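One file, protein33.tsv, carrying TSV, C-alpha atoms (C1' of nucleotides):
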```tsv
chain	number	residue	atom	x	y	z
J	1	MET	CA	276.23	40.52	9.08
J	2	GLU	CA	272.86	40.12	7.38
J	3	LYS	CA	270.55	43.04	7.07
J	4	LYS	CA	267.58	42.68	9.40
J	5	ASN	CA	264.11	43.40	8.17
J	6	ARG	CA	263.13	45.94	10.79
J	7	THR	CA	259.43	46.52	11.15
J	8	SER	CA	258.20	50.08	11.15
J	9	LEU	CA	256.91	49.46	14.64
J	10	SER	CA	260.28	48.59	16.14
J	11	GLN	CA	261.76	51.55	14.28
J	12	LYS	CA	259.19	53.77	15.91
J	13	TRP	CA	259.90	52.32	19.34
J	14	GLU	CA	263.60	52.82	18.76
J	15	ASN	CA	263.07	56.50	18.08
J	16	GLN	CA	260.95	56.87	21.18
J	17	LEU	CA	263.53	55.18	23.35
J	18	SER	CA	266.17	57.38	21.85
J	19	GLN	CA	264.18	60.54	22.42
J	20	ALA	CA	263.62	59.50	26.00
J	21	GLY	CA	267.39	59.54	26.44
J	22	TYR	CA	268.00	55.80	26.29
J	23	ARG	CA	270.72	54.33	24.17
J	24	ILE	CA	270.02	51.96	21.32
J	25	THR	CA	272.09	48.83	21.71
J	26	GLN	CA	272.24	45.58	19.80
J	27	PRO	CA	270.52	43.54	22.54
J	28	ARG	CA	267.76	46.12	22.85
J	29	ARG	CA	267.28	46.19	19.12
J	30	ALA	CA	266.90	42.42	19.01
J	31	ILE	CA	264.40	42.44	21.86
J	32	LEU	CA	262.39	45.26	20.30
J	33	ASP	CA	262.22	43.35	17.04
J	34	ILE	CA	260.98	40.21	18.70
J	35	ILE	CA	258.19	41.91	20.61
J	36	ALA	CA	257.13	44.11	17.71
J	37	GLU	CA	257.05	41.21	15.27
J	38	THR	CA	255.20	38.74	17.42
J	39	GLU	CA	251.44	38.72	17.25
J	40	ARG	CA	250.88	37.18	20.64
J	41	PRO	CA	251.82	37.83	24.27
J	42	LEU	CA	255.24	36.61	25.29
J	43	THR	CA	256.85	35.80	28.61
J	44	PRO	CA	260.24	37.32	29.38
J	45	VAL	CA	261.78	33.89	29.00
J	46	GLU	CA	260.18	33.39	25.59
J	47	ILE	CA	261.59	36.70	24.45
J	48	PHE	CA	264.94	35.67	25.84
J	49	ASP	CA	264.85	32.41	23.89
J	50	LEU	CA	263.74	34.02	20.65
J	51	ALA	CA	266.29	36.80	20.92
J	52	GLY	CA	269.01	34.33	21.81
J	53	ALA	CA	268.27	32.40	18.65
J	54	GLN	CA	268.89	35.52	16.58
J	55	SER	CA	271.87	37.13	18.22
J	56	ALA	CA	273.81	35.12	20.74
J	57	GLY	CA	274.71	36.20	24.23
J	58	ILE	CA	271.71	38.26	25.28
J	59	GLY	CA	271.06	38.03	28.98
J	60	LEU	CA	267.67	37.43	30.51
J	61	VAL	CA	268.33	40.40	32.76
J	62	THR	CA	268.55	42.63	29.74
J	63	VAL	CA	265.18	41.37	28.59
J	64	TYR	CA	263.64	42.37	31.93
J	65	ARG	CA	265.31	45.75	31.82
J	66	THR	CA	264.27	46.48	28.26
J	67	ILE	CA	260.70	45.51	29.00
J	68	GLU	CA	260.84	47.89	31.95
J	69	LYS	CA	261.78	50.77	29.70
J	70	LEU	CA	259.20	49.91	27.08
J	71	GLU	CA	256.58	49.70	29.77
J	72	GLU	CA	257.62	53.07	31.12
J	73	LEU	CA	257.02	54.57	27.69
J	74	HIS	CA	253.70	52.71	27.40
J	75	LEU	CA	254.87	50.74	24.41
J	76	VAL	CA	254.13	47.35	25.93
J	77	GLU	CA	251.95	46.24	28.81
J	78	HIS	CA	251.45	43.25	31.05
J	79	VAL	CA	248.50	41.05	30.22
J	80	HIS	CA	247.10	37.98	31.87
J	81	HIS	CA	246.93	34.83	29.81
J	82	LEU	CA	243.86	32.95	31.08
J	83	GLY	CA	243.15	32.52	34.76
J	84	ASP	CA	246.82	32.00	35.40
J	85	CYS	CA	248.63	35.00	36.69
J	86	GLN	CA	251.54	34.59	34.33
J	87	THR	CA	253.24	37.79	33.38
J	88	VAL	CA	253.15	38.03	29.62
J	89	PHE	CA	253.53	40.92	27.26
J	90	ARG	CA	251.90	42.41	24.28
J	91	CYS	CA	252.52	45.64	22.50
J	92	SER	CA	249.62	48.03	22.64
J	93	GLU	CA	248.55	51.43	21.47
J	94	GLN	CA	246.28	53.74	23.48
J	95	HIS	CA	244.12	52.29	26.22
J	96	GLN	CA	242.56	49.23	24.73
J	97	HIS	CA	241.48	45.75	25.68
J	98	LEU	CA	242.87	42.45	24.67
J	99	LEU	CA	241.06	39.73	22.78
J	100	ILE	CA	243.13	36.60	22.87
J	101	CYS	CA	242.87	33.11	21.41
J	102	THR	CA	243.03	30.40	24.07
J	103	LYS	CA	244.64	28.00	21.65
J	104	CYS	CA	247.25	29.82	19.59
J	105	GLY	CA	247.53	33.03	21.61
J	106	SER	CA	246.98	35.29	18.62
J	107	SER	CA	245.39	38.51	19.76
J	108	TYR	CA	243.83	41.81	18.90
J	109	TYR	CA	243.20	45.01	20.74
J	110	PHE	CA	239.80	46.66	20.72
J	111	ASP	CA	238.56	49.84	22.29
J	112	GLY	CA	235.78	49.14	24.74
J	113	LEU	CA	233.87	52.34	24.25
J	114	GLU	CA	230.57	50.46	24.08
J	115	VAL	CA	231.10	48.90	27.48
J	116	GLU	CA	233.05	51.56	29.31
J	117	GLU	CA	229.99	53.73	29.81
J	118	GLN	CA	228.25	50.80	31.47
J	119	PHE	CA	231.12	50.36	33.87
J	120	ASN	CA	230.38	53.75	35.36
J	121	GLN	CA	226.73	52.80	35.73
J	122	ILE	CA	227.64	49.63	37.56
J	123	GLY	CA	229.98	51.52	39.84
J	124	LYS	CA	227.31	54.07	40.63
J	125	LYS	CA	225.00	51.29	41.72
J	126	PHE	CA	227.42	50.40	44.50
J	127	GLY	CA	228.44	53.96	45.31
J	128	TYR	CA	231.86	53.58	43.67
J	129	ARG	CA	233.55	56.13	41.47
J	130	ILE	CA	235.27	53.99	38.84
J	131	THR	CA	238.79	55.06	38.02
J	132	GLU	CA	240.24	51.95	36.43
J	133	HIS	CA	238.96	48.92	34.64
J	134	TRP	CA	240.46	45.74	33.51
J	135	LEU	CA	238.89	43.77	30.69
J	136	GLN	CA	240.14	40.85	28.70
J	137	LEU	CA	238.26	38.50	26.41
J	138	ALA	CA	239.40	35.05	25.44
J	139	GLY	CA	238.10	32.52	22.99
J	140	LEU	CA	238.90	30.72	19.78
J	141	CYS	CA	240.08	32.70	16.78
J	142	GLU	CA	238.66	31.99	13.33
J	143	GLU	CA	241.61	29.82	12.39
J	144	CYS	CA	241.52	27.71	15.54
J	145	GLN	CA	237.77	27.21	15.28
J	146	LYS	CA	238.38	25.53	11.92
J	147	ASN	CA	241.24	23.38	13.10
J	148	ASN	CA	239.32	22.43	16.21
J	149	PRO	CA	236.25	20.73	14.75
J	150	LYS	CA	235.07	19.09	17.94
J	151	ASP	CA	236.84	19.87	21.18
J	152	ARG	CA	240.29	18.49	21.11
J	153	LYS	CA	242.24	19.59	24.14
U	1	MET	CA	239.33	26.47	74.06
U	2	GLU	CA	237.04	29.33	73.25
U	3	LYS	CA	234.09	28.82	71.01
U	4	LYS	CA	234.68	30.38	67.60
U	5	ASN	CA	231.98	32.39	65.93
U	6	ARG	CA	231.83	30.48	62.67
U	7	THR	CA	230.22	32.28	59.81
U	8	SER	CA	227.56	30.45	57.88
U	9	LEU	CA	229.80	30.76	54.83
U	10	SER	CA	232.71	28.89	56.31
U	11	GLN	CA	230.28	26.28	57.61
U	12	LYS	CA	228.98	25.84	54.10
U	13	TRP	CA	232.50	25.55	52.69
U	14	GLU	CA	233.35	23.02	55.35
U	15	ASN	CA	230.45	20.85	54.28
U	16	GLN	CA	231.46	21.08	50.66
U	17	LEU	CA	235.04	20.15	51.42
U	18	SER	CA	233.79	17.24	53.48
U	19	GLN	CA	231.45	16.05	50.76
U	20	ALA	CA	234.30	16.22	48.27
U	21	GLY	CA	236.15	13.71	50.46
U	22	TYR	CA	238.54	16.11	52.13
U	23	ARG	CA	239.13	16.03	55.86
U	24	ILE	CA	238.28	18.95	58.08
U	25	THR	CA	241.29	19.83	60.18
U	26	GLN	CA	241.98	22.61	62.64
U	27	PRO	CA	244.35	24.48	60.32
U	28	ARG	CA	241.89	24.24	57.46
U	29	ARG	CA	239.08	25.47	59.65
U	30	ALA	CA	241.13	28.51	60.70
U	31	ILE	CA	242.03	29.32	57.09
U	32	LEU	CA	238.43	28.92	55.95
U	33	ASP	CA	237.29	31.28	58.67
U	34	ILE	CA	239.79	33.95	57.72
U	35	ILE	CA	238.92	33.93	54.04
U	36	ALA	CA	235.18	33.74	54.63
U	37	GLU	CA	235.21	36.56	57.16
U	38	THR	CA	237.42	38.97	55.25
U	39	GLU	CA	235.75	41.41	52.90
U	40	ARG	CA	238.76	42.01	50.69
U	41	PRO	CA	241.26	40.01	48.65
U	42	LEU	CA	244.08	38.44	50.64
U	43	THR	CA	247.49	37.16	49.70
U	44	PRO	CA	248.54	33.73	50.93
U	45	VAL	CA	250.97	35.38	53.31
U	46	GLU	CA	248.27	37.64	54.72
U	47	ILE	CA	246.07	34.63	55.34
U	48	PHE	CA	249.02	32.92	56.97
U	49	ASP	CA	249.61	35.87	59.28
U	50	LEU	CA	245.97	36.24	60.23
U	51	ALA	CA	245.54	32.52	60.81
U	52	GLY	CA	248.73	32.36	62.80
U	53	ALA	CA	247.43	35.08	65.09
U	54	GLN	CA	244.40	32.94	65.88
U	55	SER	CA	245.78	29.46	66.22
U	56	ALA	CA	249.50	29.03	66.43
U	57	GLY	CA	251.62	26.75	64.31
U	58	ILE	CA	249.87	26.87	60.99
U	59	GLY	CA	252.27	26.47	58.10
U	60	LEU	CA	252.29	28.66	55.03
U	61	VAL	CA	252.33	25.49	52.99
U	62	THR	CA	248.99	24.53	54.45
U	63	VAL	CA	247.57	27.87	53.40
U	64	TYR	CA	248.63	27.24	49.82
U	65	ARG	CA	247.23	23.74	49.90
U	66	THR	CA	243.92	24.79	51.38
U	67	ILE	CA	243.53	27.55	48.82
U	68	GLU	CA	244.19	24.95	46.17
U	69	LYS	CA	241.31	22.82	47.38
U	70	LEU	CA	238.96	25.77	47.72
U	71	GLU	CA	239.82	26.84	44.23
U	72	GLU	CA	239.16	23.37	42.91
U	73	LEU	CA	235.66	23.54	44.37
U	74	HIS	CA	235.19	27.05	42.98
U	75	LEU	CA	234.82	28.55	46.43
U	76	VAL	CA	237.59	31.09	45.98
U	77	GLU	CA	239.31	32.49	42.95
U	78	HIS	CA	242.43	34.38	42.03
U	79	VAL	CA	241.96	38.04	41.34
U	80	HIS	CA	244.38	40.66	40.14
U	81	HIS	CA	244.73	43.63	42.40
U	82	LEU	CA	245.19	46.56	40.02
U	83	GLY	CA	247.77	46.50	37.25
U	84	ASP	CA	250.10	44.54	39.45
U	85	CYS	CA	250.04	40.85	38.84
U	86	GLN	CA	249.96	39.93	42.49
U	87	THR	CA	248.11	36.76	43.25
U	88	VAL	CA	245.41	37.58	45.76
U	89	PHE	CA	242.26	35.83	46.74
U	90	ARG	CA	238.67	36.55	47.25
U	91	CYS	CA	235.73	34.32	47.94
U	92	SER	CA	233.11	34.38	45.24
U	93	GLU	CA	229.82	32.79	44.31
U	94	GLN	CA	228.83	31.95	40.74
U	95	HIS	CA	230.64	33.65	37.92
U	96	GLN	CA	230.84	37.27	38.86
U	97	HIS	CA	233.08	40.26	38.51
U	98	LEU	CA	234.95	42.16	41.12
U	99	LEU	CA	234.48	45.80	42.00
U	100	ILE	CA	237.28	46.84	44.29
U	101	CYS	CA	238.24	50.01	46.12
U	102	THR	CA	241.75	51.18	45.25
U	103	LYS	CA	242.20	52.69	48.68
U	104	CYS	CA	240.79	50.35	51.31
U	105	GLY	CA	240.41	47.20	49.21
U	106	SER	CA	236.77	46.65	50.15
U	107	SER	CA	234.98	44.94	47.32
U	108	TYR	CA	231.76	43.68	45.84
U	109	TYR	CA	230.89	41.15	43.24
U	110	PHE	CA	228.45	41.94	40.50
U	111	ASP	CA	227.12	39.87	37.64
U	112	GLY	CA	227.98	41.45	34.33
U	113	LEU	CA	224.89	40.35	32.45
U	114	GLU	CA	224.51	43.81	30.91
U	115	VAL	CA	227.96	43.69	29.38
U	116	GLU	CA	228.40	40.00	28.66
U	117	GLU	CA	226.15	40.12	25.62
U	118	GLN	CA	228.33	42.86	24.18
U	119	PHE	CA	231.43	40.75	24.65
U	120	ASN	CA	230.07	38.23	22.17
U	121	GLN	CA	229.38	41.00	19.70
U	122	ILE	CA	232.92	42.28	20.01
U	123	GLY	CA	234.29	38.80	19.53
U	124	LYS	CA	232.17	38.26	16.46
U	125	LYS	CA	233.62	41.39	14.91
U	126	PHE	CA	237.07	39.77	14.96
U	127	GLY	CA	235.91	36.28	14.12
U	128	TYR	CA	236.43	34.99	17.65
U	129	ARG	CA	234.10	32.74	19.58
U	130	ILE	CA	234.31	34.10	23.11
U	131	THR	CA	234.57	31.43	25.77
U	132	GLU	CA	235.99	33.34	28.71
U	133	HIS	CA	236.06	36.89	29.87
U	134	TRP	CA	237.86	38.66	32.56
U	135	LEU	CA	236.53	41.89	33.96
U	136	GLN	CA	237.47	43.87	37.02
U	137	LEU	CA	236.54	47.40	38.00
U	138	ALA	CA	238.39	49.57	40.46
U	139	GLY	CA	237.71	52.94	41.98
U	140	LEU	CA	236.90	54.68	45.21
U	141	CYS	CA	234.13	53.34	47.42
U	142	GLU	CA	231.60	55.69	48.97
U	143	GLU	CA	233.46	55.80	52.27
U	144	CYS	CA	236.85	56.55	50.74
U	145	GLN	CA	235.41	59.26	48.51
U	146	LYS	CA	234.31	61.05	51.68
U	147	ASN	CA	237.59	60.61	53.51
U	148	ASN	CA	239.48	61.66	50.42
U	149	PRO	CA	238.16	65.18	49.86
U	150	LYS	CA	240.81	66.27	47.40
U	151	ASP	CA	243.32	63.75	46.22
U	152	ARG	CA	245.50	62.66	49.04
U	153	LYS	CA	247.77	59.81	48.01
I	1	DT	C1'	288.36	60.30	17.81
I	2	DT	C1'	287.67	60.68	22.58
I	3	DG	C1'	285.69	60.34	27.01
I	4	DA	C1'	281.74	60.31	30.28
I	5	DT	C1'	278.50	57.18	31.44
I	6	DA	C1'	274.47	54.19	30.30
I	7	DT	C1'	274.21	49.50	29.47
I	8	DT	C1'	275.65	44.86	29.52
I	9	DG	C1'	276.03	39.90	31.22
I	10	DA	C1'	277.54	36.87	34.92
I	11	DC	C1'	276.70	36.01	39.44
I	12	DA	C1'	274.58	36.47	43.85
I	13	DT	C1'	270.39	37.45	46.19
I	14	DT	C1'	265.70	37.80	47.34
I	15	DC	C1'	261.11	36.31	47.59
I	16	DA	C1'	257.06	33.40	46.35
I	17	DT	C1'	255.66	28.87	45.54
I	18	DT	C1'	256.36	23.72	45.23
I	19	DT	C1'	258.25	19.35	46.57
I	20	DT	C1'	259.77	15.94	49.90
I	21	DC	C1'	259.11	13.26	53.90
I	22	DA	C1'	258.46	11.53	58.49
I	23	DA	C1'	255.14	12.51	62.21
I	24	DT	C1'	250.34	13.35	63.26
I	25	DA	C1'	245.46	13.47	63.33
I	26	DA	C1'	240.81	12.70	60.94
I	27	DG	C1'	237.17	9.84	60.54
I	28	DA	C1'	235.27	5.25	58.69
I	29	DG	C1'	234.37	0.84	60.39
I	30	DC	C1'	233.92	-1.95	64.07
T	1	DG	C1'	234.51	4.71	72.25
T	2	DC	C1'	238.66	2.43	69.98
T	3	DT	C1'	241.51	1.13	66.11
T	4	DC	C1'	243.61	1.44	61.88
T	5	DT	C1'	244.18	3.37	57.27
T	6	DT	C1'	245.65	7.17	55.06
T	7	DA	C1'	244.96	12.18	54.15
T	8	DT	C1'	247.08	15.99	56.10
T	9	DT	C1'	250.48	18.44	58.51
T	10	DG	C1'	254.83	21.47	59.26
T	11	DA	C1'	259.84	21.84	58.70
T	12	DA	C1'	263.30	21.98	55.56
T	13	DA	C1'	265.00	21.70	51.01
T	14	DA	C1'	264.27	22.73	46.18
T	15	DT	C1'	262.68	25.31	42.51
T	16	DG	C1'	261.64	29.43	39.76
T	17	DA	C1'	260.87	34.20	38.69
T	18	DA	C1'	262.56	38.66	39.30
T	19	DT	C1'	265.95	42.05	41.23
T	20	DG	C1'	270.46	43.89	42.86
T	21	DT	C1'	275.62	44.22	42.36
T	22	DC	C1'	279.62	45.20	39.78
T	23	DA	C1'	283.45	45.32	36.64
T	24	DA	C1'	283.84	45.31	31.61
T	25	DT	C1'	281.98	47.22	27.42
T	26	DA	C1'	279.57	49.96	23.98
T	27	DT	C1'	276.97	54.16	22.88
T	28	DC	C1'	276.83	58.62	21.46
T	29	DA	C1'	277.64	63.71	22.40
T	30	DA	C1'	281.23	66.80	21.90
```

Could you express the structure from this file as structure tokens?
Amino acid sequence: MEKKNRTSLSQKWENQLSQAGYRITQPRRAILDIIAETERPLTPVEIFDLAGAQSAGIGLVTVYRTIEKLEELHLVEHVHHLGDCQTVFRCSEQHQHLLICTKCGSSYYFDGLEVEEQFNQIGKKFGYRITEHWLQLAGLCEECQKNNPKDRK
Amino acid sequence: MEKKNRTSLSQKWENQLSQAGYRITQPRRAILDIIAETERPLTPVEIFDLAGAQSAGIGLVTVYRTIEKLEELHLVEHVHHLGDCQTVFRCSEQHQHLLICTKCGSSYYFDGLEVEEQFNQIGKKFGYRITEHWLQLAGLCEECQKNNPKDRK
DNA sequence: TTGATATTGACATTCATTTTCAATAAGAGC
DNA sequence: GCTCTTATTGAAAATGAATGTCAATATCAA
């Protein structure tokens, strides 16, 4: 059995799951690693495939259930990848907004403090009291701008 | 056959569909009317139910197909109704953002010119060239704030 | 080490959406 | 107004994502 290179992030998640009373199992560990390591949103099936490649015999159901727990503890969240209403995932910290590359999917979180104040203003204009907002930016990351000199599909 | 009170919006859509080479059928007309008349996002099934109440025998499949065409002509768009990744619909004009009431679902569109400039700035910070953005605000509308004196669920 | 039980994976089930296909109806051309 | 081509329709079947069921298994507290 080879020693896995656990990231500090998945270690942290593991502790939080444990503290919340959940057990740490091999399948869960594999799934945590995948999500923590990957710098872009993933679909449940993608996670399933990646995890399956590492340790055999992980069920897709377990992926859904693990995601559920992580979501409950606010360790991952659902994000929307371009117009399409695909359920994908990305680990997050605090309440932040996603900036995602339309080509390679690489993404960052940013806090929207500059804009959040304006949201309240806009709401006020229409008589609304804003309680939630949903913001996501998409574009080409530095890398993909280089590799995309003109506009290849 | 009673005369329907067609809204000017559905009339306009009808013309655009026609100009795009699509035929105007009774089912399509009913679906157009529903979407144009309704001031909140609707799921395909909701549209199906509402349309079915008006003229019998409209298939759910036709609802999906009509939405498809309307979307193609940018007459409706998919929106996300709060965290949940439910596919719902709402008619829109131009590129605008949705402001939606979490209680009754009533909604407005607003142009986000004030904030859009800032989006580019944020992107620049991370080396991204922003090409799309996705913004939705939710809260309580004036009416629901009144009817919701404390915080009834 | 042991034992209660949370978790697992296989399978069945549900629900939303898409595909298939023969029957029908829209509308262009006469 | 009538005819004919073909886009459109609805029913049924097919797909696909997500959830529920359940006996076997693995975790971890004692």

Contact check, chain U to chain T, at most 12 Å, counting only C-alpha atoms (C1' of nucleotides), closest pairs as JSON lines:
```
{"residue": "U:Gly21", "atom": "CA", "partner": "T:DA7", "partner_atom": "C1'", "distance": 9.7}
{"residue": "U:Tyr22", "atom": "CA", "partner": "T:DA7", "partner_atom": "C1'", "distance": 7.8}
{"residue": "U:Arg23", "atom": "CA", "partner": "T:DA7", "partner_atom": "C1'", "distance": 7.2}
{"residue": "U:Ile24", "atom": "CA", "partner": "T:DT8", "partner_atom": "C1'", "distance": 9.5}
{"residue": "U:Thr25", "atom": "CA", "partner": "T:DT8", "partner_atom": "C1'", "distance": 8.1}
{"residue": "U:Gln26", "atom": "CA", "partner": "T:DT9", "partner_atom": "C1'", "distance": 10.3}
{"residue": "U:Pro27", "atom": "CA", "partner": "T:DT9", "partner_atom": "C1'", "distance": 8.8}
{"residue": "U:Arg28", "atom": "CA", "partner": "T:DT8", "partner_atom": "C1'", "distance": 9.8}
{"residue": "U:Ala56", "atom": "CA", "partner": "T:DG10", "partner_atom": "C1'", "distance": 11.7}
{"residue": "U:Gly57", "atom": "CA", "partner": "T:DG10", "partner_atom": "C1'", "distance": 8.0}
{"residue": "U:Ile58", "atom": "CA", "partner": "T:DG10", "partner_atom": "C1'", "distance": 7.5}
{"residue": "U:Gly59", "atom": "CA", "partner": "T:DG10", "partner_atom": "C1'", "distance": 5.7}
{"residue": "U:Leu60", "atom": "CA", "partner": "T:DG10", "partner_atom": "C1'", "distance": 8.7}
{"residue": "U:Val61", "atom": "CA", "partner": "T:DG10", "partner_atom": "C1'", "distance": 7.9}
{"residue": "U:Thr62", "atom": "CA", "partner": "T:DT9", "partner_atom": "C1'", "distance": 7.5}
{"residue": "U:Val63", "atom": "CA", "partner": "T:DT9", "partner_atom": "C1'", "distance": 11.1}
{"residue": "U:Arg65", "atom": "CA", "partner": "T:DT8", "partner_atom": "C1'", "distance": 9.9}
{"residue": "U:Thr66", "atom": "CA", "partner": "T:DT8", "partner_atom": "C1'", "distance": 10.5}
```

> When the cut-off is 9 Å and we count all atoms listed in the file, which residues of chain J are near chain U, given as a PyMOL selection string?
Replying inline: chain J and resi 78-80+82-87+99-102+108+110+112+114-115+118-119+122-123+126-143+145

>> One number please: CA of Leu17 in chain J to CA of Lys69 in chain J, in Å, one decimal.
In response: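 Distance between the two atoms: 7.9 Å.
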
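Across the structure, CA of Leu32 in chain U and CA of Glu72 in chain U are spaced 14.2 Å apart.
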
>> What's the separation between CA of Ser106 in chain J and CA of Pro44 in chain J, in Å to one decimal place?
In response: 17.2 Å

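Distance check against chain U using only C-alpha atoms (C1' of nucleotides): of I:DC30, I:DC11, I:DA6, I:DA25, the minimum falls on I:DA25.
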
Using 9 Å as the limit and counting all atoms listed in the file, can you tabulate each residue of chain I that touches chain U, with its shortest atom-to-atom distance in Å and the two atoms involved, as a tab-separated table?
```
residue	atom	partner	partner_atom	distance
I:DT17	C1'	U:Tyr64	CA	8.4
I:DT18	C1'	U:Val61	CA	8.9
I:DA25	C1'	U:Thr25	CA	8.2
I:DA26	C1'	U:Arg23	CA	6.3
I:DG27	C1'	U:Arg23	CA	8.0
```
